[in-house]
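A.B. asks: Pasting start-v2.tsv below, which is TSV, C-alpha atoms.
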```
chain	number	residue	atom	x	y	z
A	155	MET	CA	-3.37	19.44	11.20
A	156	LYS	CA	-2.76	21.42	14.39
A	157	LYS	CA	-3.09	18.29	16.49
A	158	ILE	CA	-0.43	16.59	14.38
A	159	ILE	CA	1.92	19.55	14.74
A	160	ALA	CA	1.28	19.71	18.49
A	161	SER	CA	2.03	15.97	18.78
A	162	LEU	CA	5.28	16.38	16.89
A	163	MET	CA	6.27	19.25	19.16
A	164	LEU	CA	5.49	17.09	22.17
A	165	LEU	CA	7.67	14.30	20.82
A	166	GLY	CA	10.49	16.79	20.41
A	167	THR	CA	10.03	18.07	23.94
A	168	ILE	CA	10.17	14.58	25.42
A	169	SER	CA	13.30	13.69	23.53
A	170	LEU	CA	15.06	16.82	24.68
A	171	SER	CA	15.04	15.60	28.26
A	172	ALA	CA	17.19	12.59	27.46
A	173	GLN	CA	20.95	12.57	27.71
A	174	ASN	CA	23.53	11.31	25.21
A	175	SER	CA	21.00	11.51	22.45
A	176	VAL	CA	20.56	13.05	19.03
A	177	VAL	CA	17.54	15.03	17.90
A	178	ASN	CA	17.39	15.67	14.19
A	179	VAL	CA	15.05	17.89	12.19
A	180	ALA	CA	15.38	17.98	8.44
A	181	TRP	CA	13.85	19.27	5.26
A	182	SER	CA	12.94	16.24	3.19
A	183	LEU	CA	13.05	16.15	-0.59
A	184	GLY	CA	10.93	13.24	-1.84
A	185	PHE	CA	11.39	11.20	-5.01
A	186	SER	CA	8.59	8.76	-5.73
A	187	THR	CA	9.58	5.33	-7.02
A	188	GLY	CA	7.84	2.32	-8.53
A	189	ASP	CA	4.06	2.40	-8.45
A	190	LEU	CA	3.95	5.68	-6.55
A	191	SER	CA	6.03	7.20	-9.36
A	192	ASP	CA	3.48	5.93	-11.88
A	193	TYR	CA	0.83	7.81	-9.91
A	194	ILE	CA	2.85	10.98	-9.15
A	195	SER	CA	6.19	11.46	-10.85
A	196	ASP	CA	6.89	15.03	-9.64
A	197	VAL	CA	9.66	15.55	-7.11
A	198	SER	CA	8.28	16.70	-3.77
A	199	ALA	CA	9.89	19.59	-1.93
A	200	ARG	CA	7.17	19.50	0.71
A	201	GLY	CA	8.51	17.36	3.45
A	202	PHE	CA	10.21	17.27	6.79
A	203	SER	CA	11.46	14.63	9.16
A	204	LEU	CA	11.97	14.49	12.89
A	205	SER	CA	13.97	11.83	14.67
A	206	TYR	CA	15.26	11.02	18.10
A	207	ALA	CA	18.07	8.56	18.73
A	208	ARG	CA	20.09	7.52	21.74
A	209	PHE	CA	23.58	6.02	21.81
A	210	VAL	CA	23.41	2.53	23.30
A	211	LYS	CA	27.01	1.87	22.24
A	212	PRO	CA	29.65	4.36	21.08
A	213	GLU	CA	28.93	3.49	17.44
A	214	LEU	CA	25.25	2.48	17.63
A	215	THR	CA	22.08	4.49	18.11
A	216	VAL	CA	18.49	3.36	18.47
A	217	GLY	CA	15.49	5.61	18.34
A	218	PHE	CA	12.45	6.55	16.36
A	219	SER	CA	11.59	8.82	13.50
A	220	THR	CA	8.59	10.40	11.90
A	221	GLY	CA	7.91	13.05	9.30
A	222	TRP	CA	5.67	14.05	6.47
A	223	ASN	CA	6.16	13.94	2.70
A	224	VAL	CA	3.55	15.44	0.39
A	225	PHE	CA	3.65	14.31	-3.23
A	226	HIS	CA	1.53	16.33	-5.59
A	227	SER	CA	0.97	16.52	-9.30
A	228	SER	CA	-1.32	18.50	-11.60
A	229	LEU	CA	-2.19	16.55	-14.71
A	230	ALA	CA	-3.09	18.25	-17.97
A	231	TYR	CA	-6.51	17.74	-19.56
A	232	ASP	CA	-6.70	14.12	-20.63
A	233	THR	CA	-9.13	11.29	-21.34
A	234	TYR	CA	-9.28	8.22	-19.11
A	235	THR	CA	-11.02	5.19	-20.62
A	236	GLU	CA	-12.09	1.99	-18.94
A	237	GLY	CA	-14.23	-0.43	-20.92
A	238	THR	CA	-16.89	1.59	-22.75
A	239	SER	CA	-16.66	4.57	-20.37
A	240	SER	CA	-14.48	7.61	-20.96
A	241	LEU	CA	-13.91	10.57	-18.67
A	242	SER	CA	-12.04	13.71	-19.70
A	243	GLY	CA	-10.80	16.51	-17.52
A	244	LYS	CA	-7.94	17.89	-15.51
A	245	GLN	CA	-6.79	15.89	-12.53
A	246	TRP	CA	-4.91	16.67	-9.36
A	247	ARG	CA	-3.18	13.95	-7.41
A	248	THR	CA	-1.84	14.13	-3.88
A	249	ASN	CA	-0.20	11.49	-1.71
A	250	ASN	CA	0.54	12.26	1.94
A	251	ALA	CA	3.03	9.90	3.54
A	252	ILE	CA	3.66	9.95	7.30
A	253	PRO	CA	6.23	7.39	8.49
A	254	ILE	CA	6.40	6.24	12.10
A	255	LEU	CA	9.47	4.07	12.49
A	256	ALA	CA	11.89	2.55	14.97
A	257	ASN	CA	15.47	3.10	13.82
A	258	ALA	CA	18.96	1.81	14.44
A	259	ASN	CA	22.01	3.54	13.00
A	260	TYR	CA	25.60	2.33	12.93
A	261	TYR	CA	28.39	4.94	12.87
A	262	PHE	CA	31.33	3.76	10.82
A	263	LYS	CA	34.05	5.92	12.27
A	264	LYS	CA	33.41	8.58	14.85
A	265	SER	CA	35.38	11.79	14.62
A	266	ASP	CA	35.14	15.31	15.94
A	267	LYS	CA	34.08	16.76	12.61
A	268	ILE	CA	32.48	14.40	10.10
A	269	ASN	CA	30.67	11.17	10.82
A	270	SER	CA	29.00	8.76	8.46
A	271	TYR	CA	26.47	6.12	9.29
A	272	ALA	CA	24.13	3.53	7.85
A	273	GLY	CA	20.94	2.33	9.39
A	274	MET	CA	17.61	0.64	9.08
A	275	GLY	CA	14.12	1.62	10.13
A	276	ILE	CA	11.10	-0.57	10.58
A	277	GLY	CA	7.53	0.45	11.25
A	278	MET	CA	4.48	1.84	9.54
A	279	VAL	CA	3.82	4.53	6.97
A	280	TYR	CA	0.39	6.13	6.81
A	281	ASN	CA	-0.54	7.01	3.24
A	282	ARG	CA	-3.52	9.09	2.22
A	283	ARG	CA	-4.10	9.57	-1.46
A	284	ASN	CA	-6.53	11.98	-3.12
A	285	THR	CA	-7.39	11.99	-6.80
A	286	ASP	CA	-9.36	15.15	-7.59
A	287	MET	CA	-11.51	15.75	-10.67
A	288	TYR	CA	-14.47	18.10	-11.14
A	289	ILE	CA	-15.87	18.71	-7.65
A	290	TYR	CA	-15.11	15.25	-6.36
A	291	THR	CA	-12.18	13.52	-4.76
A	292	LEU	CA	-11.38	9.83	-4.61
A	293	GLU	CA	-9.72	9.29	-1.25
A	294	GLU	CA	-7.79	6.14	-0.39
A	295	GLU	CA	-5.95	5.38	2.84
A	296	SER	CA	-3.55	2.72	3.97
A	297	TRP	CA	-1.25	1.88	6.84
A	298	ASN	CA	1.72	0.18	5.22
A	299	PHE	CA	4.29	-1.95	6.93
A	300	ALA	CA	7.59	-0.34	5.94
A	301	LEU	CA	11.32	-0.90	5.86
A	302	GLN	CA	13.60	2.09	5.59
A	303	PRO	CA	17.32	1.66	4.86
A	304	GLU	CA	19.33	4.82	5.33
A	305	ILE	CA	22.80	6.27	4.89
A	306	GLY	CA	23.89	9.64	6.18
A	307	LEU	CA	26.57	12.15	6.98
A	308	GLU	CA	26.82	14.62	9.82
A	309	TYR	CA	29.12	17.61	9.97
A	310	LYS	CA	29.66	18.95	13.46
A	311	ILE	CA	29.60	22.72	13.77
A	312	ASP	CA	30.36	22.47	17.48
A	313	SER	CA	29.93	19.90	20.24
A	314	LYS	CA	26.16	20.43	20.32
A	315	VAL	CA	25.10	20.99	16.71
A	316	ALA	CA	25.75	19.19	13.42
A	317	LEU	CA	24.53	19.66	9.88
A	318	THR	CA	23.21	16.46	8.37
A	319	ALA	CA	22.48	14.92	4.98
A	320	ALA	CA	20.79	11.57	4.71
A	321	GLY	CA	19.34	9.38	2.02
A	322	LYS	CA	16.39	7.23	3.09
A	323	TYR	CA	14.42	4.74	1.08
A	324	TYR	CA	10.92	4.02	2.35
A	325	TYR	CA	9.73	0.69	1.04
A	326	CYS	CA	6.05	0.39	1.94
A	327	PHE	CA	4.43	-2.98	1.48
A	328	GLU	CA	1.04	-3.27	-0.18
A	329	SER	CA	-1.83	-2.70	2.22
A	330	GLY	CA	-5.23	-1.10	2.72
A	331	GLU	CA	-7.16	0.73	0.03
A	332	ILE	CA	-4.09	1.54	-2.04
A	333	PRO	CA	-3.65	-1.58	-4.13
A	334	TYR	CA	0.13	-1.51	-4.61
A	335	PRO	CA	3.32	-0.65	-2.71
A	336	THR	CA	3.91	3.07	-2.17
A	337	SER	CA	7.62	3.65	-1.94
A	338	TYR	CA	9.82	6.68	-2.18
A	339	PHE	CA	13.32	7.93	-1.68
A	340	ALA	CA	13.92	10.93	0.59
A	341	LEU	CA	16.95	13.20	0.65
A	342	ASN	CA	16.99	14.88	4.04
A	343	ILE	CA	19.01	18.00	4.76
A	344	GLY	CA	18.86	19.10	8.35
A	345	VAL	CA	20.31	19.86	11.72
A	346	SER	CA	21.16	17.53	14.60
A	347	PHE	CA	21.25	18.62	18.19
A	348	LEU	CA	23.73	16.42	20.05
A	349	GLY	CA	24.22	15.23	23.58
A	350	TRP	CA	20.94	16.21	25.22
B	14	MET	CA	17.94	26.24	26.20
B	15	LYS	CA	19.31	28.01	23.14
B	16	SER	CA	19.56	24.70	21.29
B	17	LYS	CA	16.00	23.88	22.25
B	18	LYS	CA	14.87	27.18	20.78
B	19	ASN	CA	16.87	26.51	17.62
B	20	LEU	CA	15.32	23.07	17.33
B	21	PHE	CA	11.82	24.52	17.40
B	22	LEU	CA	12.79	27.21	14.90
B	23	CYS	CA	14.12	24.57	12.49
B	24	LEU	CA	11.09	22.36	12.98
B	25	GLY	CA	8.73	25.29	12.47
B	26	ALA	CA	10.53	26.28	9.28
B	27	PHE	CA	10.32	22.78	7.84
B	28	ILE	CA	6.68	22.33	8.80
B	29	SER	CA	5.82	25.67	7.20
B	30	LEU	CA	7.20	24.29	3.94
B	31	ILE	CA	4.52	21.63	4.01
B	32	SER	CA	1.75	23.96	5.09
B	33	CYS	CA	1.78	25.98	1.85
B	34	GLN	CA	-1.30	25.59	-0.31
B	35	ILE	CA	-0.72	22.98	-2.98
B	36	GLU	CA	-1.44	23.74	-6.60
B	37	GLY	CA	-5.05	23.29	-7.66
B	38	PRO	CA	-7.46	24.58	-10.29
B	39	ASP	CA	-6.80	28.12	-11.54
B	40	SER	CA	-10.23	28.75	-13.04
B	41	TYR	CA	-13.73	27.36	-13.09
B	42	SER	CA	-13.13	25.77	-16.50
B	43	ASP	CA	-10.29	23.70	-15.01
B	44	LEU	CA	-12.99	21.66	-13.27
B	45	ASP	CA	-15.00	20.94	-16.45
B	46	VAL	CA	-15.32	17.24	-17.20
B	47	VAL	CA	-16.89	15.18	-19.97
B	48	TYR	CA	-18.15	11.64	-19.49
B	49	THR	CA	-19.37	9.28	-22.23
B	50	ASP	CA	-20.51	5.68	-22.35
B	51	TYR	CA	-22.14	3.49	-24.98
B	52	ILE	CA	-23.57	0.05	-25.70
B	53	SER	CA	-20.74	-1.78	-27.40
B	54	GLU	CA	-23.10	-4.21	-29.18
B	55	TYR	CA	-24.99	-1.43	-30.93
B	56	ASP	CA	-24.06	-0.97	-34.59
B	57	PHE	CA	-23.73	2.81	-34.99
B	58	ALA	CA	-22.13	2.41	-38.41
B	59	ALA	CA	-25.32	0.85	-39.79
B	60	GLN	CA	-27.37	3.98	-38.92
B	61	ALA	CA	-27.58	7.14	-40.98
B	62	THR	CA	-30.20	9.61	-39.80
B	63	TYR	CA	-31.07	11.34	-36.56
B	64	ALA	CA	-33.74	13.66	-35.28
B	65	ARG	CA	-33.62	15.99	-32.31
B	66	PRO	CA	-35.96	18.39	-30.54
B	67	ASN	CA	-35.64	22.13	-31.14
B	68	LYS	CA	-35.68	23.06	-27.49
B	69	ILE	CA	-33.70	21.97	-24.45
B	70	VAL	CA	-35.61	21.27	-21.27
B	71	VAL	CA	-33.98	22.77	-18.20
B	72	ASP	CA	-36.75	22.28	-15.64
B	73	VAL	CA	-40.17	20.76	-15.12
B	74	LYS	CA	-42.82	22.54	-13.09
B	75	ILE	CA	-45.90	20.81	-11.77
B	76	SER	CA	-48.69	23.04	-10.51
B	77	GLN	CA	-52.20	21.87	-9.66
B	78	GLY	CA	-51.78	18.77	-11.76
B	79	ASP	CA	-50.44	20.63	-14.80
B	80	THR	CA	-46.94	19.85	-16.04
B	81	THR	CA	-44.99	22.66	-17.66
B	82	PHE	CA	-41.60	22.36	-19.27
B	83	VAL	CA	-39.11	25.19	-18.84
B	84	TYR	CA	-36.84	25.59	-21.85
B	85	MET	CA	-33.35	26.99	-22.20
B	86	GLU	CA	-33.20	30.48	-23.67
B	87	ASP	CA	-32.40	30.54	-27.39
B	88	GLN	CA	-29.21	32.57	-26.93
B	89	TYR	CA	-27.75	29.53	-25.13
B	90	ALA	CA	-29.66	26.72	-26.85
B	91	THR	CA	-28.83	27.79	-30.40
B	92	PRO	CA	-25.02	27.47	-30.12
B	93	ILE	CA	-25.47	24.16	-28.32
B	94	PHE	CA	-27.66	22.76	-31.12
B	95	ASN	CA	-25.29	24.14	-33.75
B	96	GLN	CA	-22.37	22.36	-32.12
B	97	ILE	CA	-24.26	19.08	-31.85
B	98	ASP	CA	-25.32	19.22	-35.52
B	99	LYS	CA	-21.79	20.15	-36.62
B	100	ASN	CA	-20.30	17.14	-34.86
B	101	MET	CA	-23.01	14.74	-36.00
B	102	THR	CA	-22.60	15.89	-39.61
B	103	ALA	CA	-18.83	15.46	-39.38
B	104	LEU	CA	-19.39	11.85	-38.32
B	105	GLY	CA	-21.61	11.18	-41.35
B	106	TRP	CA	-25.07	11.57	-39.84
B	107	THR	CA	-27.96	13.29	-41.62
B	108	LYS	CA	-30.48	15.29	-39.65
B	109	VAL	CA	-34.12	14.61	-40.45
B	110	ASP	CA	-37.45	15.64	-39.00
B	111	ILE	CA	-39.01	13.45	-36.35
B	112	SER	CA	-41.66	12.52	-38.94
B	113	GLY	CA	-38.93	11.34	-41.33
B	114	ASN	CA	-38.49	7.97	-39.61
B	115	PRO	CA	-35.02	8.66	-38.12
B	116	ASP	CA	-32.70	5.80	-37.23
B	117	VAL	CA	-31.89	7.36	-33.86
B	118	LEU	CA	-33.12	10.15	-31.62
B	119	PHE	CA	-30.67	12.65	-30.19
B	120	THR	CA	-31.95	14.18	-26.94
B	121	PRO	CA	-30.16	16.93	-25.02
B	122	ALA	CA	-31.17	18.09	-21.56
B	123	PHE	CA	-29.64	20.50	-19.09
B	124	MET	CA	-29.63	20.18	-15.33
B	125	LYS	CA	-28.56	22.75	-12.79
B	126	SER	CA	-28.07	22.01	-9.14
B	127	THR	CA	-27.14	24.32	-6.29
B	128	THR	CA	-25.53	22.94	-3.17
B	129	VAL	CA	-25.53	25.03	0.00
B	130	PHE	CA	-23.15	24.07	2.73
B	131	TYR	CA	-21.87	25.23	6.06
B	132	SER	CA	-18.17	25.59	6.59
B	133	TYR	CA	-16.76	25.94	10.04
B	134	TRP	CA	-13.44	25.80	11.76
B	135	TYR	CA	-13.00	22.09	12.37
B	136	ASP	CA	-12.11	22.37	16.01
B	137	TRP	CA	-13.42	25.04	18.32
B	138	TRP	CA	-10.88	24.09	20.90
B	139	TYR	CA	-7.27	24.84	20.20
B	140	GLY	CA	-4.13	23.67	21.87
B	141	GLY	CA	-1.44	26.30	21.68
B	142	TYR	CA	1.98	25.63	20.30
B	143	TYR	CA	3.37	27.01	23.55
B	144	PRO	CA	1.52	27.19	26.85
B	145	PRO	CA	-0.44	29.13	27.99
B	146	TYR	CA	-2.16	29.56	24.63
B	147	TRP	CA	-5.01	27.16	25.24
B	148	GLY	CA	-8.66	27.99	24.97
B	149	TRP	CA	-11.67	28.36	22.75
B	150	TYR	CA	-12.39	30.21	19.58
B	151	TYR	CA	-15.27	32.56	20.14
B	152	PRO	CA	-17.38	33.18	18.26
B	153	PRO	CA	-16.95	29.94	16.26
B	154	TYR	CA	-16.01	30.51	12.66
B	155	VAL	CA	-19.05	29.45	10.65
B	156	SER	CA	-19.95	30.58	7.17
B	157	VAL	CA	-22.51	29.57	4.58
B	158	SER	CA	-21.46	29.05	0.98
B	159	SER	CA	-22.93	27.54	-2.13
B	160	TYR	CA	-21.94	26.35	-5.56
B	161	THR	CA	-23.97	25.55	-8.64
B	162	THR	CA	-23.16	22.81	-11.07
B	163	GLY	CA	-24.44	22.57	-14.62
B	164	ASN	CA	-24.68	19.38	-16.59
B	165	LEU	CA	-25.56	19.03	-20.28
B	166	LEU	CA	-26.81	15.50	-20.79
B	167	MET	CA	-26.96	14.09	-24.31
B	168	THR	CA	-28.39	10.72	-25.23
B	169	ILE	CA	-28.82	8.77	-28.43
B	170	SER	CA	-31.59	6.19	-28.45
B	171	ASP	CA	-32.94	3.86	-31.11
B	172	PRO	CA	-36.74	4.18	-31.48
B	173	SER	CA	-36.93	0.76	-33.15
B	174	SER	CA	-35.73	-0.81	-29.91
B	175	VAL	CA	-38.36	-0.46	-27.23
B	176	GLY	CA	-37.56	-1.67	-23.76
B	177	PRO	CA	-39.66	-2.14	-20.64
B	178	GLY	CA	-42.22	0.60	-20.12
B	179	GLY	CA	-42.19	1.53	-23.79
B	180	VAL	CA	-38.96	3.45	-23.46
B	181	SER	CA	-36.13	3.20	-25.96
B	182	PRO	CA	-32.91	2.56	-24.03
B	183	ALA	CA	-30.02	4.94	-24.62
B	184	VAL	CA	-27.22	3.49	-26.71
B	185	TRP	CA	-24.95	6.49	-26.06
B	186	VAL	CA	-24.88	8.90	-23.15
B	187	ALA	CA	-22.71	11.94	-22.64
B	188	SER	CA	-22.43	14.38	-19.78
B	189	ALA	CA	-20.57	17.69	-19.99
B	190	ALA	CA	-20.41	19.04	-16.45
B	191	GLY	CA	-18.91	22.05	-14.75
B	192	LEU	CA	-19.40	24.77	-12.20
B	193	VAL	CA	-21.84	27.43	-13.36
B	194	THR	CA	-20.51	30.97	-13.35
B	195	TRP	CA	-22.35	34.25	-13.34
B	196	ASP	CA	-21.54	34.98	-17.00
B	197	TYR	CA	-23.06	31.70	-18.34
B	198	ASP	CA	-20.10	31.16	-20.66
B	199	VAL	CA	-21.69	28.90	-23.29
B	200	SER	CA	-18.31	28.28	-24.95
B	201	ARG	CA	-17.44	25.95	-22.07
B	202	VAL	CA	-20.52	23.90	-22.99
B	203	THR	CA	-19.75	23.81	-26.71
B	204	LYS	CA	-16.18	22.71	-25.90
B	205	GLY	CA	-17.68	19.94	-23.81
B	206	ILE	CA	-19.86	18.86	-26.74
B	207	ASP	CA	-16.80	18.73	-29.01
B	208	GLN	CA	-14.95	16.64	-26.43
B	209	ALA	CA	-17.88	14.23	-26.06
B	210	PHE	CA	-17.74	13.50	-29.79
B	211	THR	CA	-13.94	13.43	-29.88
B	212	GLN	CA	-13.86	10.65	-27.29
B	213	SER	CA	-16.67	8.75	-29.07
B	214	PRO	CA	-15.20	7.88	-32.49
B	215	TYR	CA	-17.45	4.77	-32.63
B	216	LEU	CA	-20.38	7.10	-33.48
B	217	LYS	CA	-19.13	7.39	-37.05
B	218	THR	CA	-21.54	6.10	-39.68
B	219	ASN	CA	-20.72	4.69	-43.09
```
Could you take the file, read its structure, and then write that structure out as structure tokens?
C.D. replies:
Amino acid sequence: MKKIIASLMLLGTISLSAQNSVVNVAWSLGFSTGDLSDYISDVSARGFSLSYARFVKPELTVGFSTGWNVFHSSLAYDTYTEGTSSLSGKQWRTNNAIPILANANYYFKKSDKINSYAGMGIGMVYNRRNTDMYIYTLEEESWNFALQPEIGLEYKIDSKVALTAAGKYYYCFESGEIPYPTSYFALNIGVSFLGW
Amino acid sequence: MKSKKNLFLCLGAFISLISCQIEGPDSYSDLDVVYTDYISEYDFAAQATYARPNKIVVDVKISQGDTTFVYMEDQYATPIFNQIDKNMTALGWTKVDISGNPDVLFTPAFMKSTTVFYSYWYDWWYGGYYPPYWGWYYPPYVSVSSYTTGNLLMTISDPSSVGPGGVSPAVWVASAAGLVTWDYDVSRVTKGIDQAFTQSPYLKTN
């Protein structure tokens, strides 16, 4: 855990040395979709994202992003039957998703106050899933190839800082021990630091 | 420099959101589970009577070639037997003595297991969030803990069907398991017995 945090800090430090760039940190609200929603339907308020982007053209940025979304659900006492076997008990489900993506964003119309953009990310999402019952946990891991379309708004407070809101959809292709795609939508509310 | 500080403050705030402990079990009983399985080809409906022992074995001691069974105390065994008989009767079974040529044998057993483990801080070395906070934890955080699990096993076997070794194979098995607490709350066990029968409706006889 501490190593991950230290690595994220290091990434932030590196990005700060660049010029004409945008560093964004955001609180990330996660909404599971598809098969992940069948596994955990609860909305996740445990998440953050960190991204670095650099303007290669006045309206185009390229960069990378990472983050962490924790989906968790407590299931009431229930009976799970497969074939002739039945198991009853309470169950706790957790899915940790850590995306590591390369991103490109296109700004539609640049202004001094409000900017909107759309973009696409491509990369990997690390998923670790734990299903807990009794004193045991079933742990499954996967590195999923992922596509991440995104739209966002930024509201400049001054020339260096902007408030941001972005909607990102992480589509993770089936891979590893988790036998189906694990996809989710993230609403990110954060702060951008401009022009480093 | 100010923006850099603000960036770290924001990042720290968002990471702290994730670091909160996620919701888990609130009590020992939240971890109680019940497992059942059965032989689907076995015709439970064609049976009518069962016999069971009057004591529950909790341990076996072997000393100088002599084998001694250790039995569960009556204050715990009696409510367990009562709950088993209540559920079997509700499903149409009639209890008979072992000498009464029962259709099936109902055998409960209880197992207790204590696990002792070491827990320690996973990394003696730490890298500080800001230099120069680098170094070693000393002394290392190590503690010894233990937990005890209890497991009531129940089996139904058909004495007319004798398998290899002269043993009648179980046609139904149930396990009610949980963490054992200091107060030996037997109601958690009787609830487990009820659940084992609830999830085994195929045990009903005609």
A.B. asks: List as a compact mmCIF listing (two decimals) with C-alpha atoms, keeping the file's coordinate frame the protein and nucleic acid residues near Asn298 (chain A), meaning an atom at most 8 Å away when only C-alpha atoms are counted, but skip any in the same chain fewer than 3 places from it.
C.D. replies:
```txt
# COMPACT_ATOMS: atom_id res chain seq x y z
CA MET A 278 4.48 1.84 9.54
CA VAL A 279 3.82 4.53 6.97
CA TYR A 280 0.39 6.13 6.81
CA ASN A 281 -0.54 7.01 3.24
CA CYS A 326 6.05 0.39 1.94
CA PHE A 327 4.43 -2.98 1.48
CA GLU A 328 1.04 -3.27 -0.18
CA SER A 329 -1.83 -2.70 2.22
CA GLY A 330 -5.23 -1.10 2.72
```
A.B. asks: With all atoms listed in the file counted, which protein, DNA or RNA residues have an atom no more than 9 Å from (17.5, 6.1, 16.1) in the file frame? Please answer as a ChimeraX atom specification.
C.D. replies: /A:176,205-209,214-219,256-259,273-275
A.B. asks: Determine, using all atoms listed in the file, which residues of chain A have any atom at most 9 Å from an atom of chain B, and tabulate each with its shortest atom pair and distance in Å to one decimal place, rows ordered by chain and then rising number, as a Markdown table.
C.D. replies:
```
| residue | atom | partner | partner_atom | distance |
| --- | --- | --- | --- | --- |
| A:Lys156 | CA | B:Gly140 | CA | 7.9 |
| A:Lys157 | CA | B:Gly140 | CA | 7.7 |
| A:Ile159 | CA | B:Ile28 | CA | 8.1 |
| A:Ala160 | CA | B:Tyr142 | CA | 6.2 |
| A:Met163 | CA | B:Tyr142 | CA | 7.8 |
| A:Gly166 | CA | B:Phe21 | CA | 8.4 |
| A:Thr167 | CA | B:Lys17 | CA | 8.5 |
| A:Leu170 | CA | B:Lys17 | CA | 7.5 |
| A:Val177 | CA | B:Leu20 | CA | 8.4 |
| A:Asn178 | CA | B:Leu20 | CA | 8.3 |
| A:Val179 | CA | B:Leu24 | CA | 6.0 |
| A:Ala180 | CA | B:Phe27 | CA | 7.0 |
| A:Trp181 | CA | B:Phe27 | CA | 5.6 |
| A:Ser182 | CA | B:Phe27 | CA | 8.4 |
| A:Ala199 | CA | B:Leu30 | CA | 8.0 |
| A:Arg200 | CA | B:Ile31 | CA | 4.7 |
| A:Gly201 | CA | B:Ile31 | CA | 5.9 |
| A:Phe202 | CA | B:Phe27 | CA | 5.6 |
| A:Ser203 | CA | B:Phe27 | CA | 8.3 |
| A:Leu204 | CA | B:Leu24 | CA | 7.9 |
| A:Trp222 | CA | B:Ile31 | CA | 8.1 |
| A:Asn223 | CA | B:Ile31 | CA | 8.0 |
| A:Val224 | CA | B:Ile31 | CA | 7.2 |
| A:His226 | CA | B:Ile35 | CA | 7.5 |
| A:Ser227 | CA | B:Glu36 | CA | 8.1 |
| A:Ser228 | CA | B:Gly37 | CA | 7.2 |
| A:Tyr231 | CA | B:Asp43 | CA | 8.4 |
| A:Thr233 | CA | B:Gln212 | CA | 7.6 |
| A:Gly237 | CA | B:Asp50 | CA | 8.9 |
| A:Thr238 | CA | B:Asp50 | CA | 5.5 |
| A:Ser239 | CA | B:Asp50 | CA | 4.5 |
| A:Ser240 | CA | B:Thr49 | CA | 5.3 |
| A:Leu241 | CA | B:Tyr48 | CA | 4.4 |
| A:Ser242 | CA | B:Val47 | CA | 5.1 |
| A:Gly243 | CA | B:Val46 | CA | 4.6 |
| A:Lys244 | CA | B:Asp43 | CA | 6.3 |
| A:Gln245 | CA | B:Leu44 | CA | 8.5 |
| A:Trp246 | CA | B:Gly37 | CA | 6.8 |
| A:Thr248 | CA | B:Ile35 | CA | 9.0 |
| A:Met287 | CA | B:Leu44 | CA | 6.6 |
| A:Tyr288 | CA | B:Leu44 | CA | 4.4 |
| A:Ile289 | CA | B:Leu44 | CA | 7.0 |
| A:Lys314 | CA | B:Ser16 | CA | 7.9 |
| A:Val315 | CA | B:Ser16 | CA | 8.1 |
| A:Gly344 | CA | B:Cys23 | CA | 8.3 |
| A:Val345 | CA | B:Cys23 | CA | 7.8 |
| A:Ser346 | CA | B:Leu20 | CA | 8.5 |
| A:Phe347 | CA | B:Ser16 | CA | 7.0 |
```
A.B. asks: Go through A:Arg283, A:Phe262, A:Ser175, A:Gly184 and flag the residue nearest Ile343 (chain A), using only C-alpha atoms for the distances.
C.D. replies: A:Gly184
A.B. asks: How far is it from CA of Gly306 (chain A) to CA of Tyr193 (chain A), in Å with one decimal?
C.D. replies: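 CA of Tyr193 (chain A) lies at a distance of 28.2 Å from CA of Gly306 (chain A).
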A.B. asks: What is the CA of Gln302 (chain A)-CA of Lys264 (chain A) distance in Å, reported with one decimal?
C.D. replies: 22.8 Å
A.B. asks: Rounded to one decimal place, report the CA of Tyr131 (chain B)-CA of Val193 (chain B) distance in Å.
C.D. replies: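 Between CA of Tyr131 (chain B) and CA of Val193 (chain B) the gap is 19.5 Å.
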A.B. asks: For Arg65 (chain B), which residue out of B:Thr120, B:Thr168, B:Thr81, B:Ser40 is the nearest one, using all atoms listed in the file?
C.D. replies: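 Of the candidates, the smallest distance to Arg65 (chain B) is held by B:Thr120.
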A.B. asks: Under the rule that only C-alpha atoms are counted, which of A:Thr318, A:Ser337, A:Asn284, A:Ser195 is the nearest residue to Ile268 (chain A)?
C.D. replies: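 Smallest separation from Ile268 (chain A) among the options: A:Thr318.
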A.B. asks: Measuring between only C-alpha atoms, which one of A:Tyr334, A:Leu229, A:Leu348, A:Phe299 shows the shortest distance to Asp189 (chain A)?
C.D. replies: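 Once distances to Asp189 (chain A) are computed over only C-alpha atoms, the minimum belongs to A:Tyr334.
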A.B. asks: Got a sec to check which residues sit within 9 Å of (-19.5, 11.8, -40.5), counting all atoms listed in the file, and write them as a list in words?
C.D. replies: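 Residues satisfying the cut-off, written out: Asn100, Met101, Thr102, Ala103, Leu104, Gly105, Trp106, Thr107, Leu216, Lys217, Thr218 and Asn219 of chain B.
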A.B. asks: Would you mind listing what lies within 8 Å of Lys68 (chain B) as a list in words, with only C-alpha atoms counted and same-chain residues fewer than 6 positions away left out?
C.D. replies: Tyr84, Met85 and Ala90 of chain B
A.B. asks: Return the single residue from B:Met167, B:Val184, B:Val129, B:Ile206 that is closest to Pro92 (chain B), with distances computed using all atoms listed in the file.
C.D. replies: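 Nearest to Pro92 (chain B): B:Ile206.
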A.B. asks: Hey, which of B:Phe119, B:Phe82, B:Tyr197, B:Phe94 ends up closest to Ser170 (chain B)? Count only C-alpha atoms.
C.D. replies: B:Phe119
